[in-house]
$ cat target30.cif   # mmCIF, C-alpha atoms
data_query
loop_
_atom_site.label_atom_id
_atom_site.label_comp_id
_atom_site.auth_asym_id
_atom_site.auth_seq_id
_atom_site.Cartn_x
_atom_site.Cartn_y
_atom_site.Cartn_z
CA ASN A 1 0.00 0.00 0.00
CA THR A 2 2.95 2.33 -0.58
CA LEU A 3 2.24 5.24 -2.92
CA SER A 4 4.56 5.62 -5.91
CA ASN A 5 5.54 8.13 -8.58
CA GLU A 6 7.16 5.60 -10.90
CA THR A 7 6.46 5.74 -14.64
CA TRP A 8 6.01 2.63 -16.78
CA SER A 9 5.12 1.90 -20.41
CA TYR A 10 3.65 -1.23 -21.98
CA ASP A 11 4.81 -2.48 -25.40
CA PHE A 12 2.05 -4.38 -27.20
CA ALA A 13 4.49 -5.67 -29.83
CA THR A 14 6.50 -7.60 -27.24
CA SER A 15 3.89 -7.82 -24.44
CA THR A 16 6.36 -6.39 -21.96
CA TRP A 17 6.48 -3.59 -19.39
CA HIS A 18 9.36 -1.10 -19.28
CA GLN A 19 10.11 1.30 -16.44
CA LEU A 20 10.89 4.78 -17.68
CA ASN A 21 13.27 7.18 -15.97
CA PRO A 22 11.95 10.61 -16.95
CA GLY A 23 13.94 13.77 -16.44
CA GLY A 24 12.70 16.87 -14.67
CA PRO A 25 11.21 17.12 -11.18
CA LEU A 26 8.90 14.19 -10.44
CA PRO A 27 5.28 14.71 -9.38
CA PRO A 28 4.67 13.98 -5.70
CA VAL A 29 3.42 10.46 -4.95
CA ARG A 30 -0.36 10.06 -5.09
CA ARG A 31 -3.30 7.79 -5.67
CA ASP A 32 -6.55 8.28 -7.58
CA GLY A 33 -5.32 11.03 -9.89
CA VAL A 34 -6.70 11.28 -13.44
CA ALA A 35 -4.88 11.50 -16.75
CA VAL A 36 -5.43 12.09 -20.47
CA TYR A 37 -3.23 11.77 -23.55
CA ASP A 38 -2.53 15.06 -25.36
CA ALA A 39 -1.83 13.81 -28.89
CA ALA A 40 -0.86 17.17 -30.37
CA ASN A 41 2.00 17.49 -27.89
CA ASN A 42 2.67 13.75 -27.43
CA ARG A 43 2.34 13.93 -23.67
CA MET A 44 0.33 12.52 -20.79
CA VAL A 45 -1.37 15.12 -18.58
CA VAL A 46 -2.10 14.23 -14.96
CA PHE A 47 -4.29 16.10 -12.46
CA GLY A 48 -5.11 15.76 -8.78
CA GLY A 49 -5.20 12.75 -6.49
CA TYR A 50 -4.55 12.20 -2.81
CA ASN A 51 -1.46 11.61 -0.67
CA GLY A 52 -2.74 12.64 2.75
CA ALA A 53 -4.07 15.87 1.22
CA PHE A 54 -6.28 16.49 -1.81
CA LEU A 55 -4.00 17.58 -4.65
CA ASN A 56 -4.82 20.12 -7.36
CA ASP A 57 -1.55 20.17 -9.27
CA THR A 58 -1.23 19.45 -13.01
CA TRP A 59 1.74 17.66 -14.59
CA ALA A 60 2.76 16.79 -18.14
CA LEU A 61 4.95 13.86 -19.18
CA ASP A 62 6.71 14.46 -22.50
CA LEU A 63 6.69 11.07 -24.25
CA THR A 64 9.46 11.71 -26.79
CA PRO A 65 11.23 8.30 -26.87
CA GLY A 66 14.46 8.42 -24.89
CA LEU A 67 13.79 12.00 -23.80
CA GLU A 68 10.80 11.50 -21.52
CA SER A 69 10.49 14.25 -18.90
CA TRP A 70 8.02 15.60 -16.37
CA SER A 71 7.09 19.26 -15.95
CA GLN A 72 4.45 20.99 -13.86
CA ILE A 73 1.97 23.05 -15.90
CA ALA A 74 -1.06 25.31 -15.40
CA GLY A 75 -0.04 26.25 -11.88
CA ALA A 76 -0.96 29.95 -11.95
CA GLY A 77 -4.23 31.65 -11.07
CA THR A 78 -7.32 30.11 -9.51
CA LEU A 79 -7.23 26.31 -9.71
CA PRO A 80 -9.82 23.57 -9.24
CA LYS A 81 -10.10 22.12 -5.76
CA GLY A 82 -7.89 19.12 -5.14
CA ARG A 83 -9.98 16.00 -5.63
CA ILE A 84 -10.29 12.28 -6.23
CA PHE A 85 -12.91 10.06 -7.90
CA THR A 86 -13.31 12.66 -10.65
CA SER A 87 -13.38 12.50 -14.46
CA LEU A 88 -11.01 14.14 -16.95
CA VAL A 89 -11.59 13.83 -20.71
CA MET A 90 -9.62 15.12 -23.69
CA ASP A 91 -10.99 17.28 -26.52
CA ASP A 92 -8.26 16.99 -29.15
CA VAL A 93 -10.10 19.24 -31.62
CA ASN A 94 -9.87 22.23 -29.28
CA GLN A 95 -6.69 21.24 -27.44
CA ARG A 96 -8.32 21.14 -24.03
CA ALA A 97 -9.20 18.76 -21.21
CA ILE A 98 -12.48 18.85 -19.29
CA LEU A 99 -12.73 18.06 -15.57
CA HIS A 100 -16.00 17.32 -13.81
CA GLY A 101 -17.09 16.63 -10.25
CA GLY A 102 -15.43 14.26 -7.83
CA TYR A 103 -14.76 14.26 -4.12
CA SER A 104 -12.90 16.79 -1.99
CA ALA A 105 -14.15 16.43 1.61
CA GLY A 106 -17.58 16.43 -0.01
CA GLN A 107 -19.04 15.69 -3.44
CA LEU A 108 -18.59 18.17 -6.29
CA ARG A 109 -20.46 19.03 -9.48
CA ASP A 110 -18.25 21.77 -10.95
CA THR A 111 -16.82 21.68 -14.48
CA TRP A 112 -13.43 23.11 -15.43
CA VAL A 113 -11.65 23.44 -18.77
CA LEU A 114 -7.86 23.11 -19.02
CA ASP A 115 -6.39 24.92 -22.03
CA LEU A 116 -3.48 22.74 -23.19
CA THR A 117 -1.88 25.18 -25.61
CA ALA A 118 1.81 24.30 -25.21
CA GLY A 119 3.64 26.86 -23.08
CA SER A 120 0.51 28.69 -21.94
CA GLU A 121 -1.56 26.00 -20.23
CA THR A 122 -4.23 27.37 -17.90
CA TRP A 123 -7.36 26.45 -15.96
CA ASN A 124 -8.72 29.92 -16.89
CA ASN A 125 -9.15 31.01 -13.25
CA ALA A 126 -12.67 29.66 -12.76
CA ALA A 127 -15.05 26.79 -13.32
CA ILE A 128 -17.11 27.24 -16.47
CA THR A 129 -20.79 28.16 -16.39
CA THR A 130 -23.08 25.43 -17.69
CA ALA A 131 -26.85 25.25 -18.21
CA GLY A 132 -29.05 22.49 -16.82
CA VAL A 133 -26.40 21.22 -14.40
CA PRO A 134 -27.26 17.88 -12.73
CA TYR A 135 -29.21 18.53 -9.54
CA LEU A 136 -26.95 16.43 -7.29
CA PRO A 137 -23.15 16.33 -7.13
CA SER A 138 -21.40 13.02 -7.81
CA ASN A 139 -18.13 11.20 -7.49
CA GLY A 140 -16.89 7.84 -8.72
CA HIS A 141 -18.59 8.51 -12.07
CA CYS A 142 -17.03 7.95 -15.49
CA ALA A 143 -16.96 9.97 -18.70
CA CYS A 144 -15.68 10.14 -22.26
CA PHE A 145 -15.70 12.75 -25.04
CA ASP A 146 -17.14 12.59 -28.58
CA PRO A 147 -15.04 14.97 -30.72
CA ALA A 148 -17.44 14.86 -33.68
CA THR A 149 -20.42 16.20 -31.72
CA GLN A 150 -18.37 18.12 -29.11
CA GLN A 151 -20.13 16.39 -26.25
CA MET A 152 -18.89 14.91 -23.00
CA ILE A 153 -20.82 11.78 -22.08
CA LEU A 154 -21.08 11.23 -18.33
CA TYR A 155 -22.38 8.12 -16.57
CA ARG A 156 -23.40 9.32 -13.11
CA SER A 157 -23.15 5.80 -11.89
CA GLN A 158 -24.23 6.51 -8.30
CA TYR A 159 -27.65 7.29 -9.78
CA ALA A 160 -27.49 5.12 -12.95
CA GLU A 161 -27.94 8.29 -15.04
CA VAL A 162 -26.55 9.20 -18.46
CA TRP A 163 -25.88 12.88 -19.10
CA THR A 164 -24.30 14.75 -21.99
CA LEU A 165 -22.60 18.14 -21.81
CA ASP A 166 -22.88 19.83 -25.21
CA PHE A 167 -20.12 22.37 -25.91
CA ASN A 168 -21.70 23.70 -29.13
CA PRO A 169 -23.95 26.34 -27.49
CA ALA A 170 -22.37 29.53 -26.16
CA THR A 171 -23.19 28.19 -22.70
CA PRO A 172 -22.37 24.46 -22.56
CA THR A 173 -25.61 22.62 -21.83
CA TRP A 174 -26.37 19.46 -19.86
CA THR A 175 -29.01 16.96 -21.02
CA ASN A 176 -30.24 13.93 -19.09
CA ILE A 177 -30.82 10.93 -21.35
CA THR A 178 -33.22 8.19 -20.27
CA PRO A 179 -32.19 4.96 -22.02
CA ALA A 180 -34.77 2.25 -22.69
CA GLY A 181 -34.12 -1.29 -21.51
CA ALA A 182 -31.41 -2.72 -19.28
CA SER A 183 -28.51 -0.65 -17.93
CA PRO A 184 -25.39 -1.14 -15.79
CA GLY A 185 -27.38 0.14 -12.82
CA ASN A 186 -26.06 1.94 -9.75
CA ARG A 187 -22.33 1.56 -9.13
CA THR A 188 -19.23 3.62 -8.49
CA ALA A 189 -15.59 3.41 -9.60
CA ALA A 190 -16.37 2.13 -13.10
CA THR A 191 -14.35 3.50 -16.03
CA ALA A 192 -15.20 4.35 -19.63
CA ILE A 193 -13.75 5.19 -23.04
CA PHE A 194 -15.26 6.55 -26.26
CA ASP A 195 -15.36 4.04 -29.12
CA PRO A 196 -15.48 6.04 -32.36
CA LEU A 197 -16.13 2.96 -34.52
CA SER A 198 -19.45 2.16 -32.83
CA ASN A 199 -20.15 5.74 -31.71
CA SER A 200 -20.53 4.57 -28.16
CA MET A 201 -19.30 4.78 -24.58
CA SER A 202 -17.74 1.52 -23.39
CA LEU A 203 -17.95 1.01 -19.62
CA ARG A 204 -16.04 -1.53 -17.54
CA GLY A 205 -16.35 -2.75 -13.95
CA GLY A 206 -17.07 -0.79 -10.79
CA GLU A 207 -18.62 -1.64 -7.45
CA ALA A 208 -21.97 -1.58 -5.68
CA GLY A 209 -21.97 -2.44 -1.98
CA PRO A 210 -20.17 -5.77 -1.49
CA GLU A 211 -20.09 -6.59 -5.22
CA VAL A 212 -17.23 -5.74 -7.59
CA PHE A 213 -18.11 -6.10 -11.28
CA ALA A 214 -16.24 -7.76 -14.16
CA ASP A 215 -18.87 -6.76 -16.72
CA THR A 216 -18.62 -4.56 -19.82
CA TRP A 217 -21.38 -2.37 -21.26
CA SER A 218 -21.76 -0.22 -24.37
CA PHE A 219 -23.96 2.88 -24.54
CA SER A 220 -24.82 3.75 -28.14
CA LEU A 221 -24.97 7.48 -28.84
CA THR A 222 -26.90 6.63 -32.01
CA THR A 223 -29.76 4.68 -30.43
CA GLY A 224 -29.50 5.90 -26.83
CA THR A 225 -29.52 2.36 -25.46
CA TRP A 226 -27.24 0.14 -23.37
CA THR A 227 -25.97 -3.26 -24.52
CA GLN A 228 -24.21 -5.69 -22.20
CA LEU A 229 -21.04 -7.15 -23.69
CA GLY A 230 -18.80 -9.95 -22.46
CA ASP A 231 -17.46 -10.14 -18.91
CA GLU A 232 -13.73 -10.02 -18.29
CA PRO A 233 -12.63 -13.68 -17.97
CA ASP A 234 -10.87 -15.06 -14.88
CA SER A 235 -11.51 -11.82 -13.04
CA GLY A 236 -12.62 -10.99 -9.52
CA GLY A 237 -13.90 -7.70 -10.88
CA ARG A 238 -12.27 -4.27 -11.02
CA ARG A 239 -12.81 -0.85 -9.48
CA PHE A 240 -10.64 2.29 -9.58
CA HIS A 241 -8.84 0.90 -12.64
CA THR A 242 -7.47 2.87 -15.60
CA PRO A 243 -8.89 2.61 -19.16
CA VAL A 244 -7.50 3.72 -22.52
CA TYR A 245 -8.71 3.33 -26.10
CA ASP A 246 -6.06 1.83 -28.38
CA SER A 247 -7.03 3.22 -31.79
CA THR A 248 -4.31 1.28 -33.61
CA ARG A 249 -5.67 -2.09 -32.50
CA GLN A 250 -9.24 -0.90 -31.96
CA GLN A 251 -9.47 -2.15 -28.41
CA MET A 252 -10.21 -1.02 -24.86
CA VAL A 253 -7.33 -1.63 -22.47
CA THR A 254 -7.75 -1.54 -18.70
CA PHE A 255 -5.00 -1.75 -16.11
CA GLY A 256 -4.85 -2.35 -12.40
CA GLY A 257 -7.53 -1.40 -9.94
CA ARG A 258 -8.76 -3.23 -6.88
CA ASP A 259 -11.05 -6.16 -6.34
CA LEU A 260 -13.23 -6.65 -3.28
CA HIS A 261 -10.21 -7.33 -1.08
CA TYR A 262 -8.15 -4.35 -2.33
CA ASN A 263 -4.94 -6.38 -2.56
CA ARG A 264 -5.47 -8.40 -5.75
CA GLN A 265 -5.23 -7.68 -9.48
CA THR A 266 -3.27 -4.50 -8.94
CA ASN A 267 -1.14 -5.20 -12.03
CA ARG A 268 -3.63 -7.03 -14.23
CA LEU A 269 -4.00 -5.88 -17.86
CA GLY A 270 -7.34 -6.49 -19.57
CA VAL A 271 -8.05 -6.10 -23.29
CA TYR A 272 -11.50 -5.95 -24.91
CA LYS A 273 -11.68 -5.96 -28.71
#
$ encode --input "target30.cif" --output "structure tokens"
Amino acid sequence: NTLSNETWSYDFATSTWHQLNPGGPLPPVRRDGVAVYDAANNRMVVFGGYNGAFLNDTWALDLTPGLESWSQIAGAGTLPKGRIFTSLVMDDVNQRAILHGGYSAGQLRDTWVLDLTAGSETWNNAAITTAGVPYLPSNGHCACFDPATQQMILYRSQYAEVWTLDFNPATPTWTNITPAGASPGNRTAATAIFDPLSNSMSLRGGEAGPEVFADTWSFSLTTGTWTQLGDEPDSGGRRFHTPVYDSTRQQMVTFGGRDLHYNRQTNRLGVYK
């Protein structure tokens, strides 16, 4: 249960892990931070987490092979509260990341935009104003971003609700969608990615009371319905894991997390094609 600030990469060609030794000052150790990949600048951007205090710092890892290095960014002005159990999604079209909700000695429902213009990154000194904001705050939810429609899709899993935040209007606007049929139901600590091929949110795992889930669901943005996909095999379930979408291989990759007993599957890699 020791916190770490190590950096590792996984090579799908050789199915091997490699520890990186980035230059620059290292971010403080933490757990439950969030991260996105900034493709335009070939870097990973990390925000928040907890190490005895709620953190609100932002770090970028330059992923130039052989020259990897950390740097702290967007540290000036008014910043979001430090938090955990939040969501951070990337809008590559507008070179920005979008942060929503989470927990910071209480649940949150604020939305912040991080401008990732290289060299002038900023949180813009305030949360953004949105219309139709969900009536209750949430944490442990999951989200993804559809670049074609400029919408963030949020599964407020505590309440089994699907919301979209549309960035096309002058004031970004929330809409609550009511899917027909079965759904993943109430849970926390699930994770999600956007699948551009099926125009859907893919959701994996999470927990509800004593149960930790190994299931996978797809929410179609075309039909507005959920479909249950295959469970992760040989799994005791996952919560607080990390998902990415591998566009080269067209697959969802999840790493780590905790099962019901907290001490198992911490280095398990799961792939859903």
$ closest_residue --input "target30.cif" --among "A:Phe194, A:Arg187, A:Leu20, A:Trp217" --to "Gly66 in chain A" --atoms "all atoms listed in the file"
A:Leu20
$ closest_atom_pairs --input "target30.cif" --of "range 9-35 of chain A" --to "range 75-89 of chain A" --cutoff "9 Å" --atoms "only C-alpha atoms" --output "JSON lines"
{"residue": "A:Arg31", "atom": "CA", "partner": "A:Ile84", "partner_atom": "CA", "distance": 8.3}
{"residue": "A:Asp32", "atom": "CA", "partner": "A:Ile84", "partner_atom": "CA", "distance": 5.6}
{"residue": "A:Gly33", "atom": "CA", "partner": "A:Ile84", "partner_atom": "CA", "distance": 6.3}
{"residue": "A:Val34", "atom": "CA", "partner": "A:Leu88", "partner_atom": "CA", "distance": 6.3}
{"residue": "A:Ala35", "atom": "CA", "partner": "A:Leu88", "partner_atom": "CA", "distance": 6.7}
$ write_last_selection --input "target30.cif" --atoms "C-alpha atoms" --output "PDB file, in the coordinates of the input"
ATOM      1  CA  ARG A  31      -3.300   7.790  -5.670  1.00  0.00           C
ATOM      2  CA  ASP A  32      -6.550   8.280  -7.580  1.00  0.00           C
ATOM      3  CA  GLY A  33      -5.320  11.030  -9.890  1.00  0.00           C
ATOM      4  CA  VAL A  34      -6.700  11.280 -13.440  1.00  0.00           C
ATOM      5  CA  ALA A  35      -4.880  11.500 -16.750  1.00  0.00           C
TER       6      ALA A  35
END
$ resolve_selection --input "target30.cif" --expression "the PyMOL selection byres ((chain A and resi 234-243) around 6)" --output "PyMOL selection string"
chain A and resi 189-190+205-206+212-214+232-233+244+253-259
$ resolve_selection --input "target30.cif" --expression "the PyMOL selection byres ((chain A and resi 182) around 12)" --output "ChimeraX atom specification"
/A:160,178-181,183-186,217-219,224-228
$ write_last_selection --input "target30.cif" --atoms "C-alpha atoms" --output "PDB file, in the frame of the given file"
ATOM      1  CA  ALA A 160     -27.490   5.120 -12.950  1.00  0.00           C
ATOM      2  CA  THR A 178     -33.220   8.190 -20.270  1.00  0.00           C
ATOM      3  CA  PRO A 179     -32.190   4.960 -22.020  1.00  0.00           C
ATOM      4  CA  ALA A 180     -34.770   2.250 -22.690  1.00  0.00           C
ATOM      5  CA  GLY A 181     -34.120  -1.290 -21.510  1.00  0.00           C
ATOM      6  CA  SER A 183     -28.510  -0.650 -17.930  1.00  0.00           C
ATOM      7  CA  PRO A 184     -25.390  -1.140 -15.790  1.00  0.00           C
ATOM      8  CA  GLY A 185     -27.380   0.140 -12.820  1.00  0.00           C
ATOM      9  CA  ASN A 186     -26.060   1.940  -9.750  1.00  0.00           C
ATOM     10  CA  TRP A 217     -21.380  -2.370 -21.260  1.00  0.00           C
ATOM     11  CA  SER A 218     -21.760  -0.220 -24.370  1.00  0.00           C
ATOM     12  CA  PHE A 219     -23.960   2.880 -24.540  1.00  0.00           C
ATOM     13  CA  GLY A 224     -29.500   5.900 -26.830  1.00  0.00           C
ATOM     14  CA  THR A 225     -29.520   2.360 -25.460  1.00  0.00           C
ATOM     15  CA  TRP A 226     -27.240   0.140 -23.370  1.00  0.00           C
ATOM     16  CA  THR A 227     -25.970  -3.260 -24.520  1.00  0.00           C
ATOM     17  CA  GLN A 228     -24.210  -5.690 -22.200  1.00  0.00           C
TER      18      GLN A 228
END
$ atom_distance --input "target30.cif" --atom1 "CA of Ala170 in chain A" --atom2 "CA of Leu136 in chain A"
23.4 Å
$ residues_around --input "target30.cif" --residues "Gly23 in chain A" --least-positions-apart "4" --cutoff "8 Å" --atoms "all atoms listed in the file" --output "VMD selection string"
chain A and resid 67 to 70
$ resolve_selection --input "target30.cif" --expression "the PyMOL selection byres ((chain A and resi 4) around 12)" --output "PDB file with C-alpha atoms, keeping the file's coordinate frame"
ATOM      1  CA  ASN A   1       0.000   0.000   0.000  1.00  0.00           C
ATOM      2  CA  THR A   2       2.950   2.330  -0.580  1.00  0.00           C
ATOM      3  CA  LEU A   3       2.240   5.240  -2.920  1.00  0.00           C
ATOM      4  CA  ASN A   5       5.540   8.130  -8.580  1.00  0.00           C
ATOM      5  CA  GLU A   6       7.160   5.600 -10.900  1.00  0.00           C
ATOM      6  CA  THR A   7       6.460   5.740 -14.640  1.00  0.00           C
ATOM      7  CA  TRP A   8       6.010   2.630 -16.780  1.00  0.00           C
ATOM      8  CA  LEU A  26       8.900  14.190 -10.440  1.00  0.00           C
ATOM      9  CA  PRO A  27       5.280  14.710  -9.380  1.00  0.00           C
ATOM     10  CA  PRO A  28       4.670  13.980  -5.700  1.00  0.00           C
ATOM     11  CA  VAL A  29       3.420  10.460  -4.950  1.00  0.00           C
ATOM     12  CA  ARG A  30      -0.360  10.060  -5.090  1.00  0.00           C
ATOM     13  CA  ARG A  31      -3.300   7.790  -5.670  1.00  0.00           C
ATOM     14  CA  ASP A  32      -6.550   8.280  -7.580  1.00  0.00           C
ATOM     15  CA  GLY A  33      -5.320  11.030  -9.890  1.00  0.00           C
ATOM     16  CA  TYR A  50      -4.550  12.200  -2.810  1.00  0.00           C
ATOM     17  CA  ASN A  51      -1.460  11.610  -0.670  1.00  0.00           C
TER      18      ASN A  51
END
$ atom_distance --input "target30.cif" --atom1 "CA of Asn176 in chain A" --atom2 "CA of Leu99 in chain A"
18.3 Å
$ closest_residue --input "target30.cif" --among "A:Thr223, A:Ile193, A:Leu260, A:Phe47" --to "Pro210 in chain A" --atoms "all atoms listed in the file"
A:Leu260
$ closest_atom_pairs --input "target30.cif" --of "range 82-101 of chain A" --to "range 111-121 of chain A" --cutoff "10 Å" --atoms "all atoms listed in the file" --output "JSON lines"
{"residue": "A:Ser87", "atom": "CA", "partner": "A:Thr111", "partner_atom": "CA", "distance": 9.8}
{"residue": "A:Leu88", "atom": "CA", "partner": "A:Trp112", "partner_atom": "CA", "distance": 9.4}
{"residue": "A:Val89", "atom": "CA", "partner": "A:Val113", "partner_atom": "CA", "distance": 9.8}
{"residue": "A:Met90", "atom": "CA", "partner": "A:Leu114", "partner_atom": "CA", "distance": 9.4}
{"residue": "A:Asp91", "atom": "CA", "partner": "A:Leu116", "partner_atom": "CA", "distance": 9.9}
{"residue": "A:Asp92", "atom": "CA", "partner": "A:Leu116", "partner_atom": "CA", "distance": 9.6}
{"residue": "A:Asn94", "atom": "CA", "partner": "A:Asp115", "partner_atom": "CA", "distance": 8.5}
{"residue": "A:Gln95", "atom": "CA", "partner": "A:Leu116", "partner_atom": "CA", "distance": 5.5}
{"residue": "A:Arg96", "atom": "CA", "partner": "A:Asp115", "partner_atom": "CA", "distance": 4.7}
{"residue": "A:Ala97", "atom": "CA", "partner": "A:Leu114", "partner_atom": "CA", "distance": 5.1}
{"residue": "A:Ile98", "atom": "CA", "partner": "A:Val113", "partner_atom": "CA", "distance": 4.7}
{"residue": "A:Leu99", "atom": "CA", "partner": "A:Trp112", "partner_atom": "CA", "distance": 5.1}
{"residue": "A:His100", "atom": "CA", "partner": "A:Thr111", "partner_atom": "CA", "distance": 4.5}
{"residue": "A:Gly101", "atom": "CA", "partner": "A:Thr111", "partner_atom": "CA", "distance": 6.6}
$ residues_around --input "target30.cif" --residues "Trp59 in chain A" --least-positions-apart "4" --cutoff "6 Å" --atoms "all atoms listed in the file" --output "VMD selection string"
chain A and resid 45 to 46 71 to 73
$ atom_distance --input "target30.cif" --atom1 "CA of Pro65 in chain A" --atom2 "CA of Ala40 in chain A"
15.4 Å
$ closest_residue --input "target30.cif" --among "A:Leu165, A:Ala143, A:Val36, A:Ala13" --to "Gly102 in chain A" --atoms "all atoms listed in the file"
A:Ala143
$ axis_aligned_box --input "target30.cif" --around "range 107-118 of chain A" --padding-each-side "4 Å" --output "lines of an AutoDock Vina configuration file"
center_x = -9.3
center_y = 20.4
center_z = -14.5
size_x = 30.3
size_y = 17.5
size_z = 30.2
$ closest_residue --input "target30.cif" --among "A:Arg109, A:Arg249, A:Arg204, A:Lys273" --to "Gly132 in chain A" --atoms "only C-alpha atoms"
A:Arg109
$ decode --input "target30.cif" --residues "range 26-92 of chain A" --atoms "C-alpha atoms" --output "PDB file, in the first residue's frame"
ATOM      1  CA  LEU A  26       8.896  14.190 -10.444  1.00  0.00           C
ATOM      2  CA  PRO A  27       5.279  14.708  -9.384  1.00  0.00           C
ATOM      3  CA  PRO A  28       4.669  13.976  -5.703  1.00  0.00           C
ATOM      4  CA  VAL A  29       3.419  10.460  -4.954  1.00  0.00           C
ATOM      5  CA  ARG A  30      -0.356  10.060  -5.090  1.00  0.00           C
ATOM      6  CA  ARG A  31      -3.298   7.792  -5.667  1.00  0.00           C
ATOM      7  CA  ASP A  32      -6.554   8.281  -7.581  1.00  0.00           C
ATOM      8  CA  GLY A  33      -5.321  11.028  -9.890  1.00  0.00           C
ATOM      9  CA  VAL A  34      -6.705  11.285 -13.437  1.00  0.00           C
ATOM     10  CA  ALA A  35      -4.875  11.496 -16.753  1.00  0.00           C
ATOM     11  CA  VAL A  36      -5.428  12.093 -20.470  1.00  0.00           C
ATOM     12  CA  TYR A  37      -3.229  11.767 -23.554  1.00  0.00           C
ATOM     13  CA  ASP A  38      -2.531  15.056 -25.365  1.00  0.00           C
ATOM     14  CA  ALA A  39      -1.835  13.806 -28.892  1.00  0.00           C
ATOM     15  CA  ALA A  40      -0.860  17.175 -30.369  1.00  0.00           C
ATOM     16  CA  ASN A  41       1.997  17.493 -27.890  1.00  0.00           C
ATOM     17  CA  ASN A  42       2.666  13.753 -27.426  1.00  0.00           C
ATOM     18  CA  ARG A  43       2.345  13.929 -23.668  1.00  0.00           C
ATOM     19  CA  MET A  44       0.333  12.525 -20.789  1.00  0.00           C
ATOM     20  CA  VAL A  45      -1.368  15.118 -18.582  1.00  0.00           C
ATOM     21  CA  VAL A  46      -2.105  14.233 -14.955  1.00  0.00           C
ATOM     22  CA  PHE A  47      -4.294  16.099 -12.460  1.00  0.00           C
ATOM     23  CA  GLY A  48      -5.111  15.757  -8.780  1.00  0.00           C
ATOM     24  CA  GLY A  49      -5.204  12.753  -6.493  1.00  0.00           C
ATOM     25  CA  TYR A  50      -4.549  12.205  -2.806  1.00  0.00           C
ATOM     26  CA  ASN A  51      -1.458  11.614  -0.669  1.00  0.00           C
ATOM     27  CA  GLY A  52      -2.740  12.636   2.746  1.00  0.00           C
ATOM     28  CA  ALA A  53      -4.073  15.867   1.218  1.00  0.00           C
ATOM     29  CA  PHE A  54      -6.278  16.491  -1.811  1.00  0.00           C
ATOM     30  CA  LEU A  55      -3.997  17.579  -4.655  1.00  0.00           C
ATOM     31  CA  ASN A  56      -4.821  20.123  -7.359  1.00  0.00           C
ATOM     32  CA  ASP A  57      -1.547  20.172  -9.274  1.00  0.00           C
ATOM     33  CA  THR A  58      -1.231  19.452 -13.006  1.00  0.00           C
ATOM     34  CA  TRP A  59       1.736  17.663 -14.588  1.00  0.00           C
ATOM     35  CA  ALA A  60       2.757  16.789 -18.143  1.00  0.00           C
ATOM     36  CA  LEU A  61       4.949  13.859 -19.175  1.00  0.00           C
ATOM     37  CA  ASP A  62       6.713  14.465 -22.499  1.00  0.00           C
ATOM     38  CA  LEU A  63       6.695  11.074 -24.251  1.00  0.00           C
ATOM     39  CA  THR A  64       9.457  11.708 -26.792  1.00  0.00           C
ATOM     40  CA  PRO A  65      11.233   8.296 -26.871  1.00  0.00           C
ATOM     41  CA  GLY A  66      14.457   8.420 -24.894  1.00  0.00           C
ATOM     42  CA  LEU A  67      13.789  12.002 -23.799  1.00  0.00           C
ATOM     43  CA  GLU A  68      10.802  11.504 -21.520  1.00  0.00           C
ATOM     44  CA  SER A  69      10.492  14.246 -18.897  1.00  0.00           C
ATOM     45  CA  TRP A  70       8.022  15.604 -16.368  1.00  0.00           C
ATOM     46  CA  SER A  71       7.085  19.262 -15.953  1.00  0.00           C
ATOM     47  CA  GLN A  72       4.454  20.995 -13.858  1.00  0.00           C
ATOM     48  CA  ILE A  73       1.975  23.049 -15.895  1.00  0.00           C
ATOM     49  CA  ALA A  74      -1.058  25.312 -15.401  1.00  0.00           C
ATOM     50  CA  GLY A  75      -0.040  26.250 -11.879  1.00  0.00           C
ATOM     51  CA  ALA A  76      -0.960  29.952 -11.948  1.00  0.00           C
ATOM     52  CA  GLY A  77      -4.234  31.650 -11.070  1.00  0.00           C
ATOM     53  CA  THR A  78      -7.317  30.109  -9.509  1.00  0.00           C
ATOM     54  CA  LEU A  79      -7.226  26.313  -9.710  1.00  0.00           C
ATOM     55  CA  PRO A  80      -9.823  23.570  -9.236  1.00  0.00           C
ATOM     56  CA  LYS A  81     -10.097  22.116  -5.762  1.00  0.00           C
ATOM     57  CA  GLY A  82      -7.889  19.121  -5.138  1.00  0.00           C
ATOM     58  CA  ARG A  83      -9.983  16.002  -5.630  1.00  0.00           C
ATOM     59  CA  ILE A  84     -10.288  12.282  -6.233  1.00  0.00           C
ATOM     60  CA  PHE A  85     -12.914  10.055  -7.901  1.00  0.00           C
ATOM     61  CA  THR A  86     -13.310  12.659 -10.654  1.00  0.00           C
ATOM     62  CA  SER A  87     -13.377  12.499 -14.465  1.00  0.00           C
ATOM     63  CA  LEU A  88     -11.012  14.140 -16.948  1.00  0.00           C
ATOM     64  CA  VAL A  89     -11.594  13.830 -20.715  1.00  0.00           C
ATOM     65  CA  MET A  90      -9.621  15.120 -23.692  1.00  0.00           C
ATOM     66  CA  ASP A  91     -10.992  17.276 -26.517  1.00  0.00           C
ATOM     67  CA  ASP A  92      -8.263  16.991 -29.153  1.00  0.00           C
TER      68      ASP A  92
END
